[in-house]
Amino acid sequence: MKIKCLLADDEPPARELLASYINRLDDLELCGQCADSLETFKFLQKNEVNLLFLDIQMPGMNGLELIKSLHNPPHIVLITAYREYAVEGFELDVLDYLVKPVSFERFLKTVSRYHHYSVNAHSNDAEPAKDTFENAYMFFKVNKEMIKIFLKDILYIESIKDYIKIVTSDKSYITYQRINYMEEKLPESNFVRVHKSYIVAVPKIKAFRSDTIKIGQVDIPVGRHYKKNFTEQLTRRNVS
């Protein structure tokens, strides 16, 4: 299912830029564009929207006031040329905060954040949550290209100083990123940190002992400080 996106900005060039970004991603669908908060409010009352890209400074009611007026808002990404609104924006529980001009790389990080929250969203229905993880992905910069990697394909992640190696069933990718960042972003229900240099996909584990985990033909060490958390993760999965 595609992510339905709405753009709300009184500046046509800003809307055109974000519209071009949305159209470059297969999983996103641009369902509408609005030039002010009142038009945005009316659109949200009549249409399903998953992700709202909302400019703060618009004529009449501004973006922050619009958020406060919404009873059941979608995920919201605030957009502005002024950084001083960031604190108030996050107090309103927005998904992200983008400063103009928005680069495509920064836009991709926002989309990845949306998928991260969607994967971890609480739901009484287990099947949709599973479907969400099946479709979740992140973009990584590899050799000057932004590469889409589906989370379900990751076997494990290895830290190499300031870089990480993402290993999937098909190939490996090396990208400039910290493993601590990945530990924070990946869903805890599917990934666990087992060593200062390794994060593993729990469903991909073939066997394990007290000090090693086998994924495919690779033996991954379990660090002394990570054993307890790893054991608790396996226990929760067995109980569920």
# chains A, B, ... in the order shown; residues from 1 in each chain; ligands from 1
$ residues_around --residues "Pro12 (chain A)" --least-positions-apart "2" --cutoff "12 Å" --atoms "only C-alpha atoms" --output "list in words"
Leu7, Ala8, Asp9, Asp10, Ala14, Arg15, Glu16, Leu17, Leu18, Ala19, Gln33, Cys34, Ala35, Asp36 and Asp55 of chain A
$ residues_around --residues "Leu38 (chain A)" --least-positions-apart "6" --cutoff "12 Å" --atoms "only C-alpha atoms" --output "PDB file with C-alpha atoms, in the first residue's frame"
ATOM      1  CA  ALA A   8       0.729  22.257   2.349  1.00  0.00           C
ATOM      2  CA  ASP A   9       2.809  25.316   1.476  1.00  0.00           C
ATOM      3  CA  ASP A  10       1.912  28.771   0.160  1.00  0.00           C
ATOM      4  CA  LEU A  44      -7.909  16.357   5.724  1.00  0.00           C
ATOM      5  CA  GLN A  45     -11.578  16.169   6.707  1.00  0.00           C
ATOM      6  CA  MET A  58       1.293  30.443   5.772  1.00  0.00           C
ATOM      7  CA  PRO A  59      -1.305  33.205   5.443  1.00  0.00           C
ATOM      8  CA  GLY A  60      -4.081  33.210   8.011  1.00  0.00           C
ATOM      9  CA  MET A  61      -3.720  30.280  10.380  1.00  0.00           C
ATOM     10  CA  ASN A  62      -0.109  29.059  10.501  1.00  0.00           C
ATOM     11  CA  GLY A  63       1.011  25.423  10.459  1.00  0.00           C
ATOM     12  CA  GLU A  65      -2.076  26.421  14.818  1.00  0.00           C
ATOM     13  CA  LEU A  66      -3.412  23.983  12.237  1.00  0.00           C
ATOM     14  CA  ILE A  67      -1.823  21.040  14.052  1.00  0.00           C
ATOM     15  CA  SER A  69      -6.873  22.179  15.545  1.00  0.00           C
ATOM     16  CA  LEU A  70      -6.662  18.615  14.209  1.00  0.00           C
TER      17      LEU A  70
END
$ residues_around --residues "Lys100 (chain A)" --least-positions-apart "5" --cutoff "9 Å" --atoms "only C-alpha atoms" --output "PyMOL selection string"
chain A and resi 14+79-82
$ write_last_selection --atoms "N, CA and C atoms" --output "compact mmCIF listing (two decimals), in the first residue's frame"
# COMPACT_ATOMS: atom_id res chain seq x y z
N ALA A 14 8.31 25.63 -3.58
CA ALA A 14 8.57 24.67 -2.50
C ALA A 14 7.72 23.41 -2.68
N ILE A 79 7.91 22.07 7.74
CA ILE A 79 8.88 22.62 6.80
C ILE A 79 8.90 24.14 6.98
N THR A 80 10.07 24.72 7.10
CA THR A 80 10.18 26.16 7.25
C THR A 80 11.60 26.61 6.95
N ALA A 81 11.76 27.89 6.78
CA ALA A 81 13.10 28.46 6.56
C ALA A 81 13.71 28.91 7.88
N TYR A 82 12.96 28.75 8.98
CA TYR A 82 13.41 29.27 10.26
C TYR A 82 13.54 28.15 11.29
$ select_by_dssp --residues "region 8-232 of chain A" --states "strand (DSSP E or B)" --output "PyMOL selection string"
chain A and resi 8+28-34+51-55+75-80+96-99+137-142+145-150+154-160+163-168+172-176+191-195+198-201+207-208+212-215+218-221
$ closest_residue --among "A:Phe53, A:Tyr226, A:Phe107, A:Tyr97" --to "Tyr21 (chain A)" --atoms "only C-alpha atoms"
A:Phe107
$ atom_distance --atom1 "CA of Asn143 (chain A)" --atom2 "CA of Thr175 (chain A)"
8.1 Å
$ residues_around --residues "Ile154 (chain A)" --least-positions-apart "6" --cutoff "8 Å" --atoms "only C-alpha atoms" --output "list in words"
Ile166, Val167, Thr168, Ser169 and Ala201 of chain A
$ write_last_selection --atoms "C-alpha atoms" --output "CSV table (one decimal), in the first residue's frame"
chain,number,residue,atom,x,y,z
A,166,ILE,CA,24.9,-4.1,5.8
A,167,VAL,CA,24.8,-7.8,4.9
A,168,THR,CA,21.8,-9.1,3.0
A,169,SER,CA,21.1,-12.6,1.5
A,201,ALA,CA,18.1,-9.8,12.5
$ residues_around --residues "region 178-189 of chain A" --least-positions-apart "4" --cutoff "8 Å" --atoms "only C-alpha atoms" --output "PyMOL selection string"
chain A and resi 113+116+119-120+157-159+161-164+193+197-199
$ write_last_selection --atoms "C-alpha atoms" --output "mmCIF file, in the first residue's frame"
data_model
loop_
_atom_site.group_PDB
_atom_site.id
_atom_site.type_symbol
_atom_site.label_atom_id
_atom_site.label_comp_id
_atom_site.auth_asym_id
_atom_site.auth_seq_id
_atom_site.Cartn_x
_atom_site.Cartn_y
_atom_site.Cartn_z
ATOM 1 C CA ARG A 113 11.844 7.797 9.859
ATOM 2 C CA HIS A 116 10.576 3.260 11.375
ATOM 3 C CA VAL A 119 6.979 -0.603 11.902
ATOM 4 C CA ASN A 120 6.948 0.089 15.644
ATOM 5 C CA ILE A 157 25.073 -5.210 10.336
ATOM 6 C CA GLU A 158 28.758 -4.928 11.173
ATOM 7 C CA SER A 159 30.495 -1.791 12.410
ATOM 8 C CA LYS A 161 34.960 2.320 12.533
ATOM 9 C CA ASP A 162 32.832 5.179 11.132
ATOM 10 C CA TYR A 163 31.223 2.903 8.544
ATOM 11 C CA ILE A 164 28.851 -0.029 8.661
ATOM 12 C CA ARG A 193 22.483 -5.544 19.234
ATOM 13 C CA SER A 197 30.230 -4.190 16.411
ATOM 14 C CA TYR A 198 27.153 -6.249 15.430
ATOM 15 C CA ILE A 199 23.381 -5.979 15.091
#
$ decode --residues "region 28-57 of chain A" --atoms "N, CA and C atoms" --output "PDB file, in the first residue's frame"
ATOM      1  N   LEU A  28       5.566   6.164  -2.392  1.00  0.00           N
ATOM      2  CA  LEU A  28       4.858   7.388  -2.030  1.00  0.00           C
ATOM      3  C   LEU A  28       3.873   7.780  -3.124  1.00  0.00           C
ATOM      4  N   GLU A  29       2.768   8.371  -2.705  1.00  0.00           N
ATOM      5  CA  GLU A  29       1.756   8.859  -3.649  1.00  0.00           C
ATOM      6  C   GLU A  29       1.342  10.271  -3.234  1.00  0.00           C
ATOM      7  N   LEU A  30       1.453  11.219  -4.140  1.00  0.00           N
ATOM      8  CA  LEU A  30       1.024  12.587  -3.869  1.00  0.00           C
ATOM      9  C   LEU A  30      -0.485  12.675  -4.078  1.00  0.00           C
ATOM     10  N   CYS A  31      -1.215  12.849  -2.979  1.00  0.00           N
ATOM     11  CA  CYS A  31      -2.677  12.842  -3.082  1.00  0.00           C
ATOM     12  C   CYS A  31      -3.268  14.242  -3.123  1.00  0.00           C
ATOM     13  N   GLY A  32      -2.447  15.291  -2.890  1.00  0.00           N
ATOM     14  CA  GLY A  32      -2.995  16.635  -2.957  1.00  0.00           C
ATOM     15  C   GLY A  32      -1.975  17.705  -2.614  1.00  0.00           C
ATOM     16  N   GLN A  33      -2.285  18.948  -2.984  1.00  0.00           N
ATOM     17  CA  GLN A  33      -1.465  20.109  -2.653  1.00  0.00           C
ATOM     18  C   GLN A  33      -2.378  21.234  -2.183  1.00  0.00           C
ATOM     19  N   CYS A  34      -1.981  21.914  -1.124  1.00  0.00           N
ATOM     20  CA  CYS A  34      -2.769  23.009  -0.571  1.00  0.00           C
ATOM     21  C   CYS A  34      -1.883  24.230  -0.373  1.00  0.00           C
ATOM     22  N   ALA A  35      -2.503  25.429  -0.505  1.00  0.00           N
ATOM     23  CA  ALA A  35      -1.739  26.664  -0.423  1.00  0.00           C
ATOM     24  C   ALA A  35      -1.923  27.401   0.894  1.00  0.00           C
ATOM     25  N   ASP A  36      -2.835  26.934   1.760  1.00  0.00           N
ATOM     26  CA  ASP A  36      -2.998  27.572   3.070  1.00  0.00           C
ATOM     27  C   ASP A  36      -3.576  26.571   4.060  1.00  0.00           C
ATOM     28  N   SER A  37      -3.628  26.957   5.326  1.00  0.00           N
ATOM     29  CA  SER A  37      -4.041  26.030   6.384  1.00  0.00           C
ATOM     30  C   SER A  37      -5.514  25.669   6.303  1.00  0.00           C
ATOM     31  N   LEU A  38      -6.358  26.630   5.936  1.00  0.00           N
ATOM     32  CA  LEU A  38      -7.790  26.331   5.854  1.00  0.00           C
ATOM     33  C   LEU A  38      -8.078  25.308   4.764  1.00  0.00           C
ATOM     34  N   GLU A  39      -7.432  25.467   3.619  1.00  0.00           N
ATOM     35  CA  GLU A  39      -7.583  24.498   2.540  1.00  0.00           C
ATOM     36  C   GLU A  39      -7.071  23.123   2.981  1.00  0.00           C
ATOM     37  N   THR A  40      -5.974  23.119   3.723  1.00  0.00           N
ATOM     38  CA  THR A  40      -5.414  21.861   4.232  1.00  0.00           C
ATOM     39  C   THR A  40      -6.370  21.192   5.203  1.00  0.00           C
ATOM     40  N   PHE A  41      -6.942  21.987   6.106  1.00  0.00           N
ATOM     41  CA  PHE A  41      -7.899  21.459   7.088  1.00  0.00           C
ATOM     42  C   PHE A  41      -9.082  20.789   6.387  1.00  0.00           C
ATOM     43  N   LYS A  42      -9.640  21.455   5.381  1.00  0.00           N
ATOM     44  CA  LYS A  42     -10.786  20.909   4.650  1.00  0.00           C
ATOM     45  C   LYS A  42     -10.411  19.622   3.910  1.00  0.00           C
ATOM     46  N   PHE A  43      -9.209  19.591   3.337  1.00  0.00           N
ATOM     47  CA  PHE A  43      -8.764  18.401   2.607  1.00  0.00           C
ATOM     48  C   PHE A  43      -8.657  17.208   3.564  1.00  0.00           C
ATOM     49  N   LEU A  44      -8.103  17.446   4.754  1.00  0.00           N
ATOM     50  CA  LEU A  44      -7.909  16.357   5.724  1.00  0.00           C
ATOM     51  C   LEU A  44      -9.234  15.810   6.235  1.00  0.00           C
ATOM     52  N   GLN A  45     -10.270  16.640   6.241  1.00  0.00           N
ATOM     53  CA  GLN A  45     -11.578  16.169   6.707  1.00  0.00           C
ATOM     54  C   GLN A  45     -12.230  15.205   5.720  1.00  0.00           C
ATOM     55  N   LYS A  46     -11.822  15.275   4.455  1.00  0.00           N
ATOM     56  CA  LYS A  46     -12.491  14.497   3.400  1.00  0.00           C
ATOM     57  C   LYS A  46     -11.627  13.401   2.783  1.00  0.00           C
ATOM     58  N   ASN A  47     -10.323  13.416   3.081  1.00  0.00           N
ATOM     59  CA  ASN A  47      -9.424  12.483   2.394  1.00  0.00           C
ATOM     60  C   ASN A  47      -8.486  11.782   3.381  1.00  0.00           C
ATOM     61  N   GLU A  48      -8.097  10.566   3.011  1.00  0.00           N
ATOM     62  CA  GLU A  48      -7.126   9.817   3.814  1.00  0.00           C
ATOM     63  C   GLU A  48      -5.715  10.301   3.477  1.00  0.00           C
ATOM     64  N   VAL A  49      -4.971  10.686   4.501  1.00  0.00           N
ATOM     65  CA  VAL A  49      -3.594  11.147   4.340  1.00  0.00           C
ATOM     66  C   VAL A  49      -2.726  10.451   5.384  1.00  0.00           C
ATOM     67  N   ASN A  50      -1.606   9.886   4.947  1.00  0.00           N
ATOM     68  CA  ASN A  50      -0.669   9.242   5.872  1.00  0.00           C
ATOM     69  C   ASN A  50       0.438  10.181   6.326  1.00  0.00           C
ATOM     70  N   LEU A  51       0.867  11.057   5.424  1.00  0.00           N
ATOM     71  CA  LEU A  51       2.034  11.895   5.699  1.00  0.00           C
ATOM     72  C   LEU A  51       1.781  13.303   5.171  1.00  0.00           C
ATOM     73  N   LEU A  52       1.793  14.279   6.074  1.00  0.00           N
ATOM     74  CA  LEU A  52       1.539  15.674   5.717  1.00  0.00           C
ATOM     75  C   LEU A  52       2.831  16.485   5.827  1.00  0.00           C
ATOM     76  N   PHE A  53       3.246  17.059   4.710  1.00  0.00           N
ATOM     77  CA  PHE A  53       4.383  17.973   4.694  1.00  0.00           C
ATOM     78  C   PHE A  53       3.820  19.386   4.831  1.00  0.00           C
ATOM     79  N   LEU A  54       4.052  20.005   5.981  1.00  0.00           N
ATOM     80  CA  LEU A  54       3.345  21.220   6.352  1.00  0.00           C
ATOM     81  C   LEU A  54       4.299  22.392   6.582  1.00  0.00           C
ATOM     82  N   ASP A  55       4.103  23.441   5.791  1.00  0.00           N
ATOM     83  CA  ASP A  55       4.856  24.676   5.995  1.00  0.00           C
ATOM     84  C   ASP A  55       4.310  25.384   7.233  1.00  0.00           C
ATOM     85  N   ILE A  56       5.199  25.967   8.028  1.00  0.00           N
ATOM     86  CA  ILE A  56       4.752  26.642   9.247  1.00  0.00           C
ATOM     87  C   ILE A  56       4.166  28.017   8.927  1.00  0.00           C
ATOM     88  N   GLN A  57       4.867  28.802   8.144  1.00  0.00           N
ATOM     89  CA  GLN A  57       4.438  30.173   7.884  1.00  0.00           C
ATOM     90  C   GLN A  57       3.568  30.241   6.629  1.00  0.00           C
TER      91      GLN A  57
END
